[in-house]
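Undergrad: This is data-v5.cif, which holds mmCIF, C-alpha atoms and all ligand atoms:
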data_work
loop_
_atom_site.label_atom_id
_atom_site.label_comp_id
_atom_site.auth_asym_id
_atom_site.auth_seq_id
_atom_site.Cartn_x
_atom_site.Cartn_y
_atom_site.Cartn_z
CA MET A 1 126.83 122.65 73.88
CA PRO A 2 124.15 120.32 75.19
CA ARG A 3 125.20 117.42 77.38
CA ALA A 4 124.10 113.81 77.03
CA ALA A 5 124.40 110.55 79.00
CA VAL A 6 126.48 108.21 76.83
CA VAL A 7 127.56 104.58 77.17
CA TYR A 8 130.63 103.88 75.02
CA GLU A 9 130.68 100.11 75.38
CA HIS A 10 128.44 97.48 76.94
CA GLN A 11 129.08 97.14 80.69
CA GLY A 12 130.89 100.49 80.59
CA PRO A 13 129.99 103.50 82.76
CA VAL A 14 127.49 106.20 81.88
CA GLU A 15 129.46 109.28 80.89
CA ILE A 16 128.14 112.81 80.65
CA VAL A 17 129.59 114.31 77.48
CA GLU A 18 129.03 117.47 75.48
CA VAL A 19 127.51 116.69 72.11
CA GLU A 20 127.29 118.50 68.83
CA LEU A 21 124.01 118.13 66.95
CA SER A 22 123.98 118.10 63.16
CA ALA A 23 121.93 120.32 60.87
CA LEU A 24 118.26 119.32 60.71
CA GLY A 25 117.06 116.94 58.02
CA PRO A 26 113.66 117.74 56.45
CA HIS A 27 111.72 115.44 58.85
CA ASP A 28 113.77 116.22 61.97
CA VAL A 29 112.69 117.96 65.14
CA ARG A 30 115.15 119.41 67.65
CA VAL A 31 113.85 119.18 71.20
CA ALA A 32 115.14 120.73 74.41
CA ILE A 33 114.42 117.92 76.85
CA GLY A 34 112.62 119.03 80.01
CA ALA A 35 112.68 115.68 81.79
CA SER A 36 113.57 112.07 81.07
CA GLY A 37 112.72 108.96 83.03
CA VAL A 38 115.29 106.25 83.66
CA CYS A 39 113.99 102.80 82.75
CA HIS A 40 115.21 99.20 83.04
CA SER A 41 115.58 99.12 79.26
CA ASP A 42 118.24 101.84 79.54
CA VAL A 43 120.21 99.60 81.86
CA ALA A 44 119.67 96.70 79.43
CA ALA A 45 121.22 98.82 76.68
CA GLN A 46 124.11 99.67 78.98
CA THR A 47 124.83 96.07 79.92
CA GLY A 48 124.22 94.71 76.43
CA ALA A 49 121.25 92.55 77.49
CA LEU A 50 119.44 94.64 74.90
CA ALA A 51 121.81 94.42 71.94
CA PHE A 52 121.80 98.08 70.92
CA PRO A 53 124.87 99.55 69.21
CA THR A 54 127.38 101.76 71.03
CA PRO A 55 128.32 104.47 71.71
CA ILE A 56 124.76 105.34 72.56
CA ILE A 57 122.87 108.17 74.23
CA LEU A 58 120.55 106.52 76.76
CA GLY A 59 116.95 107.46 77.48
CA HIS A 60 113.66 106.82 75.73
CA GLU A 61 110.98 108.35 77.93
CA GLY A 62 111.23 112.09 77.60
CA ALA A 63 109.33 115.29 77.05
CA GLY A 64 110.39 118.80 76.24
CA THR A 65 110.06 121.89 74.09
CA VAL A 66 110.50 121.98 70.33
CA VAL A 67 113.32 124.42 69.48
CA ALA A 68 113.62 123.92 65.72
CA VAL A 69 112.01 121.87 62.95
CA GLY A 70 113.10 120.59 59.54
CA SER A 71 111.72 122.01 56.29
CA ASP A 72 109.02 119.33 55.82
CA VAL A 73 107.78 119.15 59.42
CA THR A 74 104.11 120.07 59.71
CA SER A 75 102.74 118.59 62.94
CA VAL A 76 104.82 120.54 65.49
CA ALA A 77 106.42 123.98 65.62
CA PRO A 78 109.04 125.71 67.77
CA GLY A 79 107.69 126.38 71.24
CA ASP A 80 105.36 123.38 71.26
CA HIS A 81 105.56 121.01 74.18
CA VAL A 82 105.95 117.40 73.12
CA ALA A 83 106.20 113.96 74.65
CA LEU A 84 108.42 111.55 72.75
CA SER A 85 107.30 108.14 71.59
CA ALA A 86 109.76 105.26 71.76
CA ILE A 87 108.17 103.72 68.69
CA ILE A 88 107.66 105.37 65.34
CA SER A 89 105.23 104.32 62.65
CA CYS A 90 104.52 104.90 58.97
CA GLY A 91 100.73 104.74 58.94
CA ARG A 92 100.78 102.63 55.78
CA CYS A 93 102.08 99.14 56.54
CA ARG A 94 99.82 96.28 57.55
CA PRO A 95 100.27 96.57 61.36
CA CYS A 96 99.74 100.34 61.14
CA VAL A 97 96.57 99.92 59.09
CA GLU A 98 95.35 97.27 61.52
CA GLY A 99 95.71 99.70 64.41
CA THR A 100 98.93 98.37 65.93
CA PRO A 101 101.53 100.99 64.99
CA ASN A 102 103.71 99.67 67.84
CA LEU A 103 104.55 96.85 65.40
CA CYS A 104 105.18 99.09 62.39
CA GLU A 105 107.25 97.27 59.80
CA TRP A 106 109.06 100.48 58.87
CA GLY A 107 109.54 101.85 62.37
CA LEU A 108 110.68 98.84 64.42
CA PRO A 109 113.93 98.18 62.52
CA ILE A 110 114.75 101.89 62.74
CA ILE A 111 114.29 102.24 66.48
CA PHE A 112 116.26 99.04 67.07
CA SER A 113 119.03 100.44 64.85
CA CYS A 114 119.14 103.51 67.16
CA ALA A 115 119.99 105.64 64.12
CA GLN A 116 117.60 108.06 62.42
CA PRO A 117 115.19 106.94 59.66
CA ASP A 118 117.70 107.99 56.96
CA GLY A 119 120.29 105.72 58.57
CA ALA A 120 122.50 108.56 59.78
CA LEU A 121 123.43 109.73 63.29
CA ARG A 122 122.65 113.28 64.41
CA ALA A 123 124.93 113.66 67.45
CA THR A 124 128.72 113.53 67.79
CA ASP A 125 130.95 113.62 70.84
CA PRO A 126 133.90 116.04 71.26
CA SER A 127 136.22 113.65 69.37
CA GLY A 128 133.83 113.65 66.41
CA ARG A 129 132.53 110.16 67.07
CA GLY A 130 128.94 109.55 66.01
CA LEU A 131 126.50 108.66 68.79
CA TYR A 132 123.52 106.35 68.45
CA GLN A 133 120.32 107.34 70.27
CA PHE A 134 118.29 104.81 72.27
CA ALA A 135 115.21 104.01 70.15
CA SER A 136 116.27 106.89 67.83
CA LEU A 137 115.53 109.20 70.81
CA GLY A 138 118.29 109.35 73.44
CA THR A 139 116.27 111.47 75.84
CA LEU A 140 118.89 111.52 78.61
CA ALA A 141 120.30 114.63 76.98
CA GLU A 142 119.70 118.35 77.22
CA GLU A 143 118.87 118.56 73.51
CA VAL A 144 118.24 115.91 70.87
CA ILE A 145 117.25 115.61 67.24
CA VAL A 146 114.42 113.10 66.76
CA PRO A 147 112.11 112.12 63.89
CA GLU A 148 108.91 114.17 63.61
CA VAL A 149 106.91 110.93 63.88
CA ALA A 150 108.30 110.40 67.40
CA THR A 151 106.84 113.68 68.67
CA VAL A 152 103.41 113.94 70.22
CA PRO A 153 102.10 117.43 71.09
CA ILE A 154 100.97 117.78 74.70
CA PRO A 155 99.15 120.52 76.63
CA VAL A 156 101.52 123.11 78.14
CA ASP A 157 100.04 122.67 81.62
CA VAL A 158 101.27 119.07 81.91
CA PRO A 159 104.61 118.92 83.76
CA PHE A 160 107.47 117.53 81.65
CA GLU A 161 108.30 114.86 84.21
CA VAL A 162 104.75 113.52 83.97
CA ALA A 163 104.66 113.67 80.17
CA ALA A 164 108.06 111.95 80.07
CA LEU A 165 106.77 108.94 81.99
CA VAL A 166 103.85 108.56 79.62
CA GLY A 167 106.39 107.83 76.86
CA CYS A 168 107.37 104.44 78.25
CA GLY A 169 106.15 103.22 81.63
CA VAL A 170 102.61 104.55 81.35
CA LEU A 171 101.97 103.58 77.72
CA THR A 172 103.45 100.16 78.42
CA GLY A 173 101.55 99.43 81.62
CA VAL A 174 98.20 101.09 80.96
CA GLY A 175 98.22 99.92 77.33
CA ALA A 176 98.85 96.31 78.33
CA VAL A 177 95.63 96.40 80.36
CA LEU A 178 93.37 98.42 78.06
CA ASN A 179 94.70 97.67 74.56
CA ARG A 180 96.20 94.20 74.82
CA ALA A 181 94.53 92.20 77.60
CA LYS A 182 91.32 94.26 77.44
CA VAL A 183 90.59 93.57 81.10
CA ARG A 184 86.84 93.34 81.70
CA VAL A 185 84.76 94.65 84.58
CA GLY A 186 84.88 92.05 87.35
CA ASP A 187 88.02 90.25 86.12
CA THR A 188 90.54 89.07 88.67
CA VAL A 189 94.06 90.31 87.98
CA ALA A 190 97.53 89.59 89.33
CA VAL A 191 100.54 91.81 88.69
CA ILE A 192 104.02 90.34 89.14
CA GLY A 193 106.52 93.16 89.64
CA CYS A 194 105.21 96.51 90.87
CA GLY A 195 107.80 99.02 89.68
CA GLY A 196 107.18 101.85 87.21
CA VAL A 197 105.37 99.62 84.73
CA GLY A 198 103.61 97.34 87.20
CA LEU A 199 102.09 100.25 89.12
CA ASN A 200 100.57 101.48 85.88
CA VAL A 201 99.15 98.01 85.26
CA VAL A 202 97.62 98.11 88.73
CA GLN A 203 95.99 101.50 88.30
CA ALA A 204 94.71 100.69 84.81
CA ALA A 205 93.25 97.40 86.03
CA ALA A 206 91.46 99.33 88.77
CA MET A 207 90.21 101.85 86.21
CA ALA A 208 88.99 99.00 83.97
CA GLY A 209 86.89 97.66 86.83
CA ALA A 210 88.88 94.59 87.84
CA SER A 211 87.43 93.09 91.01
CA THR A 212 90.50 91.61 92.66
CA ILE A 213 93.95 93.02 91.91
CA VAL A 214 96.77 91.05 93.52
CA ALA A 215 100.08 92.93 93.57
CA VAL A 216 103.19 90.76 93.82
CA ASP A 217 106.66 92.13 94.58
CA ARG A 218 109.73 91.54 96.72
CA GLU A 219 109.78 95.07 98.16
CA GLU A 220 107.37 96.08 100.91
CA TRP A 221 107.32 99.75 99.82
CA LYS A 222 106.31 98.81 96.28
CA LEU A 223 103.46 96.70 97.64
CA GLN A 224 102.38 99.68 99.72
CA MET A 225 102.43 101.89 96.63
CA ALA A 226 100.49 99.25 94.69
CA ARG A 227 97.75 99.41 97.33
CA GLU A 228 97.60 103.17 96.90
CA PHE A 229 97.32 102.66 93.13
CA GLY A 230 94.33 100.32 93.52
CA ALA A 231 95.61 96.83 94.39
CA THR A 232 93.17 94.98 96.62
CA ASP A 233 95.75 92.45 97.82
CA ALA A 234 99.51 92.46 98.26
CA VAL A 235 101.75 89.40 98.17
CA ASP A 236 105.35 89.49 99.36
CA ALA A 237 107.17 87.20 96.93
CA THR A 238 110.02 86.69 99.40
CA ALA A 239 107.72 85.31 102.07
CA VAL A 240 105.10 83.07 100.45
CA ASP A 241 104.39 80.80 97.47
CA VAL A 242 103.15 83.31 94.90
CA VAL A 243 101.05 80.86 92.86
CA ALA A 244 99.27 79.56 95.96
CA ALA A 245 98.78 83.11 97.25
CA VAL A 246 97.20 84.29 93.98
CA ARG A 247 94.93 81.23 93.83
CA GLU A 248 93.87 81.77 97.43
CA ARG A 249 92.83 85.35 96.63
CA THR A 250 90.93 84.42 93.47
CA GLY A 251 88.54 81.86 94.92
CA GLY A 252 90.96 79.01 94.27
CA ARG A 253 90.62 79.45 90.48
CA GLY A 254 93.71 81.47 89.65
CA ALA A 255 93.53 84.93 88.12
CA ASP A 256 91.73 85.78 84.89
CA VAL A 257 94.67 87.90 83.78
CA VAL A 258 98.26 87.82 85.08
CA PHE A 259 100.75 90.48 84.04
CA GLU A 260 104.49 89.73 84.23
CA CYS A 261 106.30 93.06 84.44
CA VAL A 262 109.85 91.90 85.17
CA GLY A 263 111.10 90.07 82.08
CA ASN A 264 112.16 86.78 83.66
CA GLY A 265 111.48 83.29 82.30
CA ALA A 266 110.82 81.77 85.72
CA LEU A 267 108.38 84.56 86.57
CA ILE A 268 106.51 84.14 83.27
CA ARG A 269 106.11 80.47 84.26
CA GLN A 270 104.91 81.62 87.66
CA ALA A 271 102.41 83.90 85.95
CA TRP A 272 101.22 80.96 83.83
CA ASP A 273 100.69 78.83 86.93
CA ALA A 274 98.91 81.67 88.73
CA ALA A 275 96.44 82.10 85.86
CA GLY A 276 93.19 80.13 86.03
CA ILE A 277 91.59 77.95 83.38
CA ALA A 278 91.10 80.06 80.23
CA GLY A 279 93.17 82.77 81.87
CA THR A 280 95.55 85.09 80.09
CA VAL A 281 99.22 85.79 80.81
CA VAL A 282 100.59 89.06 79.46
CA ALA A 283 104.39 89.23 79.22
CA ILE A 284 105.44 92.89 79.46
CA GLY A 285 108.91 92.93 81.03
CA VAL A 286 111.83 93.05 78.60
CA ALA A 287 113.83 89.85 79.16
CA GLY A 288 117.48 89.31 78.33
CA SER A 289 118.15 87.74 74.93
CA ASP A 290 119.20 84.40 76.47
CA GLU A 291 116.18 84.11 78.77
CA VAL A 292 113.78 81.22 78.01
CA VAL A 293 110.34 80.18 79.28
CA SER A 294 109.38 76.61 80.06
CA LEU A 295 105.66 75.76 80.08
CA PRO A 296 103.81 72.50 80.81
CA ALA A 297 103.08 71.37 77.26
CA GLN A 298 100.00 69.37 78.21
CA GLU A 299 98.31 72.48 79.57
CA LEU A 300 98.51 74.09 76.16
CA SER A 301 95.88 71.64 74.96
CA THR A 302 93.90 71.35 78.18
CA SER A 303 93.78 74.73 79.94
CA GLU A 304 92.83 77.12 77.12
CA LYS A 305 95.19 79.62 78.71
CA THR A 306 96.60 82.36 76.49
CA LEU A 307 100.16 83.66 76.63
CA MET A 308 100.32 87.15 75.16
CA SER A 309 103.36 89.10 74.12
CA CYS A 310 102.95 92.85 74.53
CA LEU A 311 105.24 95.48 73.04
CA TYR A 312 104.95 99.05 74.28
CA GLY A 313 101.42 98.46 75.57
CA THR A 314 100.13 97.74 72.05
CA SER A 315 99.96 101.53 71.97
CA ARG A 316 98.91 104.07 69.40
CA PRO A 317 101.00 106.92 70.87
CA ARG A 318 99.27 109.80 69.11
CA LEU A 319 95.94 108.48 70.36
CA ASP A 320 96.88 107.05 73.74
CA MET A 321 99.27 109.70 75.09
CA PRO A 322 96.70 112.53 74.95
CA ARG A 323 94.03 110.16 76.34
CA TYR A 324 96.17 109.20 79.32
CA LEU A 325 97.19 112.80 79.96
CA GLN A 326 93.53 113.77 79.98
CA LEU A 327 92.81 111.00 82.51
CA TYR A 328 95.72 112.39 84.56
CA ARG A 329 94.28 115.90 84.48
CA GLN A 330 90.95 114.47 85.65
CA GLY A 331 92.68 112.77 88.58
CA LYS A 332 91.96 109.27 87.25
CA LEU A 333 95.56 108.31 86.51
CA ARG A 334 98.18 108.85 89.19
CA LEU A 335 101.32 110.04 87.47
CA ASP A 336 102.83 112.57 89.91
CA GLU A 337 103.01 109.81 92.50
CA LEU A 338 105.12 107.62 90.19
CA VAL A 339 108.06 110.01 90.43
CA THR A 340 109.85 108.91 93.57
CA ARG A 341 113.08 110.85 93.01
CA ARG A 342 114.47 113.62 90.77
CA TYR A 343 118.05 113.84 89.54
CA SER A 344 120.17 116.36 87.64
CA MET A 345 122.15 115.50 84.49
CA ASP A 346 125.25 115.13 86.70
CA GLN A 347 123.46 112.43 88.70
CA VAL A 348 122.49 110.05 85.89
CA SER A 349 124.87 107.35 87.17
CA GLU A 350 123.27 107.66 90.59
CA ALA A 351 119.83 107.36 89.01
CA VAL A 352 120.94 104.16 87.25
CA ALA A 353 122.40 102.77 90.49
CA ASP A 354 119.15 103.52 92.34
CA LEU A 355 117.21 101.80 89.54
CA ASN A 356 119.41 98.72 89.81
CA ALA A 357 118.94 98.72 93.58
CA SER A 358 115.16 99.01 93.10
CA ARG A 359 114.93 102.22 95.12
CA ASN A 360 112.46 104.08 92.89
CA ALA A 361 109.07 103.58 91.27
CA ARG A 362 110.49 105.97 88.72
CA GLY A 363 113.56 108.16 88.89
CA VAL A 364 113.38 111.17 86.62
CA VAL A 365 116.25 113.32 85.37
CA VAL A 366 115.15 116.95 85.21
CA MET A 367 117.18 119.15 82.84
CA GLY A 368 118.39 122.67 83.41
ZN ZN A 401 111.33 102.03 79.04
ZN ZN A 402 103.82 101.14 59.63
#
Translate this file's structure into structure tokens.
TA:
Amino acid sequence: MPRAAVVYEHQGPVEIVEVELSALGPHDVRVAIGASGVCHSDVAAQTGALAFPTPIILGHEGAGTVVAVGSDVTSVAPGDHVALSAIISCGRCRPCVEGTPNLCEWGLPIIFSCAQPDGALRATDPSGRGLYQFASLGTLAEEVIVPEVATVPIPVDVPFEVAALVGCGVLTGVGAVLNRAKVRVGDTVAVIGCGGVGLNVVQAAAMAGASTIVAVDREEWKLQMAREFGATDAVDATAVDVVAAVRERTGGRGADVVFECVGNGALIRQAWDAAGIAGTVVAIGVAGSDEVVSLPAQELSTSEKTLMSCLYGTSRPRLDMPRYLQLYRQGKLRLDELVTRRYSMDQVSEAVADLNASRNARGVVVMG
């Protein structure tokens, strides 16, 4: 029986349990996971900061091989390699028609329910207890059943660990730059928080032609990586005043676009202050449900700054995933370099601990 990483109650440990998968519904796809990244949102689901139901199989950035499909599935077949999308969309609602399927009115409530689109659960533990799946995926498992609309076919020559990362960190970071902020050639950019998402923001900003890219982090090794990914400047947030440092490096004006990749109210305020007149702040990090942002109200009428919310990089997964993988194959997107450590299924708890201790750009669990 396949194993999965399960959290039974918020704040509880991650347990590796054998799971039984149900028969396939007509729109289901059963996937043997090849690799799954471990993301801050997984920890948020574990702690309860992200109010997902329990017990839950963690993991939402994964890729693998299709092993079986339901009777009505037409877009993938057994043997296909797929990356999994952490959002699903209907193609018919207003956000879908407007080109923002990340906001699909049908899909969002489903992925937040962590059940399948028909409302049922597809995995049970040895005691027969039904298991939710993070974002209806639960990729920290050897095999999962997911909705067909969450699968995106990928070329077989792309390593699973690379394709897995595209499913969250890459779509989120690169999409925030290209789809949401639409960074222009010559823009000045600051990136607060240079982990798995922030590094993708940095490399996408470089690809978009940003002139100055100021990386901000508390860890020296992340700043070093950010330089390798295209940052022109690095600011150690433990040593200097970040707002002053960003202004200094952007001709005293403040940055045209500031990305907050942590999910912290005080840092979103910092991003606001680091943005110049008419600048844009893009909030990417997933904050806790009790986190609030305080902004100088007067500046809302005097600065013409824009505060943007960005969910999942404003991505169109079936369009953006293949695009980004093509850029990877051309050497324009660095994805291999994002994987700083690999773990086995037995080491998921260690991967989570390393994430909490900020030891990895991305830790990836490789199956089998
Ligand atoms: Zn994630
Ligand atoms: Zn929709």
Undergrad: Go through the chains and note each residue within 10 Å of ligand ZN 401 (chain A), using all atoms listed in the file, then give the set as a ChimeraX atom specification.
TA: /A:37-44,59-61,86,135,165-172,196-197,285-286,312
Undergrad: Give me the chain A side of the contact with ligand ZN 402 (chain A), cut-off 12 Å, one line per residue showing its nearest atom pair and distance in Å at one decimal, counting all atoms listed in the file, sorted by chain and residue number, as JSON lines.
TA:
{"residue": "A:Ile87", "atom": "CA", "partner": "A:ZN402", "partner_atom": "ZN", "distance": 10.4}
{"residue": "A:Ile88", "atom": "CA", "partner": "A:ZN402", "partner_atom": "ZN", "distance": 8.1}
{"residue": "A:Ser89", "atom": "CA", "partner": "A:ZN402", "partner_atom": "ZN", "distance": 4.6}
{"residue": "A:Cys90", "atom": "CA", "partner": "A:ZN402", "partner_atom": "ZN", "distance": 3.9}
{"residue": "A:Gly91", "atom": "CA", "partner": "A:ZN402", "partner_atom": "ZN", "distance": 4.8}
{"residue": "A:Arg92", "atom": "CA", "partner": "A:ZN402", "partner_atom": "ZN", "distance": 5.1}
{"residue": "A:Cys93", "atom": "CA", "partner": "A:ZN402", "partner_atom": "ZN", "distance": 4.1}
{"residue": "A:Arg94", "atom": "CA", "partner": "A:ZN402", "partner_atom": "ZN", "distance": 6.6}
{"residue": "A:Pro95", "atom": "CA", "partner": "A:ZN402", "partner_atom": "ZN", "distance": 6.0}
{"residue": "A:Cys96", "atom": "CA", "partner": "A:ZN402", "partner_atom": "ZN", "distance": 4.4}
{"residue": "A:Val97", "atom": "CA", "partner": "A:ZN402", "partner_atom": "ZN", "distance": 7.4}
{"residue": "A:Glu98", "atom": "CA", "partner": "A:ZN402", "partner_atom": "ZN", "distance": 9.5}
{"residue": "A:Gly99", "atom": "CA", "partner": "A:ZN402", "partner_atom": "ZN", "distance": 9.5}
{"residue": "A:Thr100", "atom": "CA", "partner": "A:ZN402", "partner_atom": "ZN", "distance": 8.4}
{"residue": "A:Pro101", "atom": "CA", "partner": "A:ZN402", "partner_atom": "ZN", "distance": 5.8}
{"residue": "A:Asn102", "atom": "CA", "partner": "A:ZN402", "partner_atom": "ZN", "distance": 8.3}
{"residue": "A:Leu103", "atom": "CA", "partner": "A:ZN402", "partner_atom": "ZN", "distance": 7.2}
{"residue": "A:Cys104", "atom": "CA", "partner": "A:ZN402", "partner_atom": "ZN", "distance": 3.7}
{"residue": "A:Glu105", "atom": "CA", "partner": "A:ZN402", "partner_atom": "ZN", "distance": 5.2}
{"residue": "A:Trp106", "atom": "CA", "partner": "A:ZN402", "partner_atom": "ZN", "distance": 5.3}
{"residue": "A:Gly107", "atom": "CA", "partner": "A:ZN402", "partner_atom": "ZN", "distance": 6.4}
{"residue": "A:Leu108", "atom": "CA", "partner": "A:ZN402", "partner_atom": "ZN", "distance": 8.7}
{"residue": "A:Pro109", "atom": "CA", "partner": "A:ZN402", "partner_atom": "ZN", "distance": 10.9}
{"residue": "A:Ile110", "atom": "CA", "partner": "A:ZN402", "partner_atom": "ZN", "distance": 11.4}
{"residue": "A:Val149", "atom": "CA", "partner": "A:ZN402", "partner_atom": "ZN", "distance": 11.1}
{"residue": "A:Arg316", "atom": "CA", "partner": "A:ZN402", "partner_atom": "ZN", "distance": 11.3}
Undergrad: Please determine, counting all atoms listed in the file, which residue among A:Thr280, A:Ser75, A:Thr124, A:Gln46 has the shortest atom-to-atom distance to A:Ser303.
TA: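 Ranking A:Thr280, A:Ser75, A:Thr124, A:Gln46 by distance to A:Ser303, first place goes to A:Thr280.
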Undergrad: At a cut-off of 12 Å, using all atoms listed in the file, what residues contact A:Val243? Leave out same-chain residues fewer than 6 positions from it and give the result as a ChimeraX atom specification.
TA: /A:190-192,214,216,235-237,249-250,252-255,258,267-276
Undergrad: For a quick check of understanding, using all atoms listed in the file, which of A:Ala351, A:Cys261, A:Ala278, A:Ala206 has the smallest distance to A:Arg184?
TA: A:Ala206
Undergrad: Put stretch 307-322 of chain A into a file with N, CA, C and O atoms, as a short mmCIF file (atom, residue, chain, number, x, y, z; two decimals), in the first residue's frame.
TA:
data_model
loop_
_atom_site.label_atom_id
_atom_site.label_comp_id
_atom_site.auth_asym_id
_atom_site.auth_seq_id
_atom_site.Cartn_x
_atom_site.Cartn_y
_atom_site.Cartn_z
N LEU A 307 -1.20 48.44 -3.83
CA LEU A 307 -0.95 47.21 -3.07
C LEU A 307 -1.72 46.09 -3.76
O LEU A 307 -2.95 46.13 -3.86
N MET A 308 -0.97 45.11 -4.26
CA MET A 308 -1.59 44.01 -5.01
C MET A 308 -1.57 42.73 -4.22
O MET A 308 -0.55 42.34 -3.67
N SER A 309 -2.69 42.05 -4.19
CA SER A 309 -2.74 40.69 -3.69
C SER A 309 -2.43 39.77 -4.87
O SER A 309 -2.76 40.08 -6.01
N CYS A 310 -1.76 38.66 -4.59
CA CYS A 310 -1.42 37.75 -5.68
C CYS A 310 -1.55 36.31 -5.22
O CYS A 310 -0.85 35.88 -4.30
N LEU A 311 -2.47 35.58 -5.81
CA LEU A 311 -2.69 34.18 -5.44
C LEU A 311 -2.13 33.27 -6.52
O LEU A 311 -2.55 33.33 -7.68
N TYR A 312 -1.18 32.44 -6.12
CA TYR A 312 -0.64 31.41 -7.01
C TYR A 312 -0.10 32.03 -8.31
O TYR A 312 -0.27 31.49 -9.40
N GLY A 313 0.52 33.21 -8.15
CA GLY A 313 1.15 33.85 -9.30
C GLY A 313 0.19 34.25 -10.40
O GLY A 313 0.59 34.41 -11.56
N THR A 314 -1.10 34.44 -10.03
CA THR A 314 -2.10 34.79 -11.06
C THR A 314 -1.92 33.87 -12.27
O THR A 314 -1.97 34.29 -13.42
N SER A 315 -1.71 32.58 -11.96
CA SER A 315 -1.28 31.64 -13.00
C SER A 315 -2.42 30.99 -13.76
O SER A 315 -3.51 30.82 -13.23
N ARG A 316 -2.12 30.63 -15.00
CA ARG A 316 -2.94 29.76 -15.82
C ARG A 316 -2.12 28.48 -15.97
O ARG A 316 -1.32 28.38 -16.91
N PRO A 317 -2.27 27.52 -15.04
CA PRO A 317 -1.30 26.41 -14.99
C PRO A 317 -1.09 25.68 -16.31
O PRO A 317 0.04 25.37 -16.66
N ARG A 318 -2.17 25.44 -17.06
CA ARG A 318 -1.98 24.68 -18.30
C ARG A 318 -1.25 25.48 -19.36
O ARG A 318 -0.78 24.94 -20.35
N LEU A 319 -1.20 26.78 -19.19
CA LEU A 319 -0.43 27.64 -20.10
C LEU A 319 0.97 27.89 -19.53
O LEU A 319 1.98 27.77 -20.22
N ASP A 320 1.01 28.24 -18.25
CA ASP A 320 2.27 28.70 -17.66
C ASP A 320 3.25 27.56 -17.35
O ASP A 320 4.46 27.72 -17.52
N MET A 321 2.76 26.41 -16.87
CA MET A 321 3.70 25.33 -16.53
C MET A 321 4.53 24.90 -17.75
O MET A 321 5.75 24.85 -17.67
N PRO A 322 3.89 24.60 -18.88
CA PRO A 322 4.72 24.24 -20.05
C PRO A 322 5.65 25.37 -20.50
O PRO A 322 6.78 25.12 -20.90
#
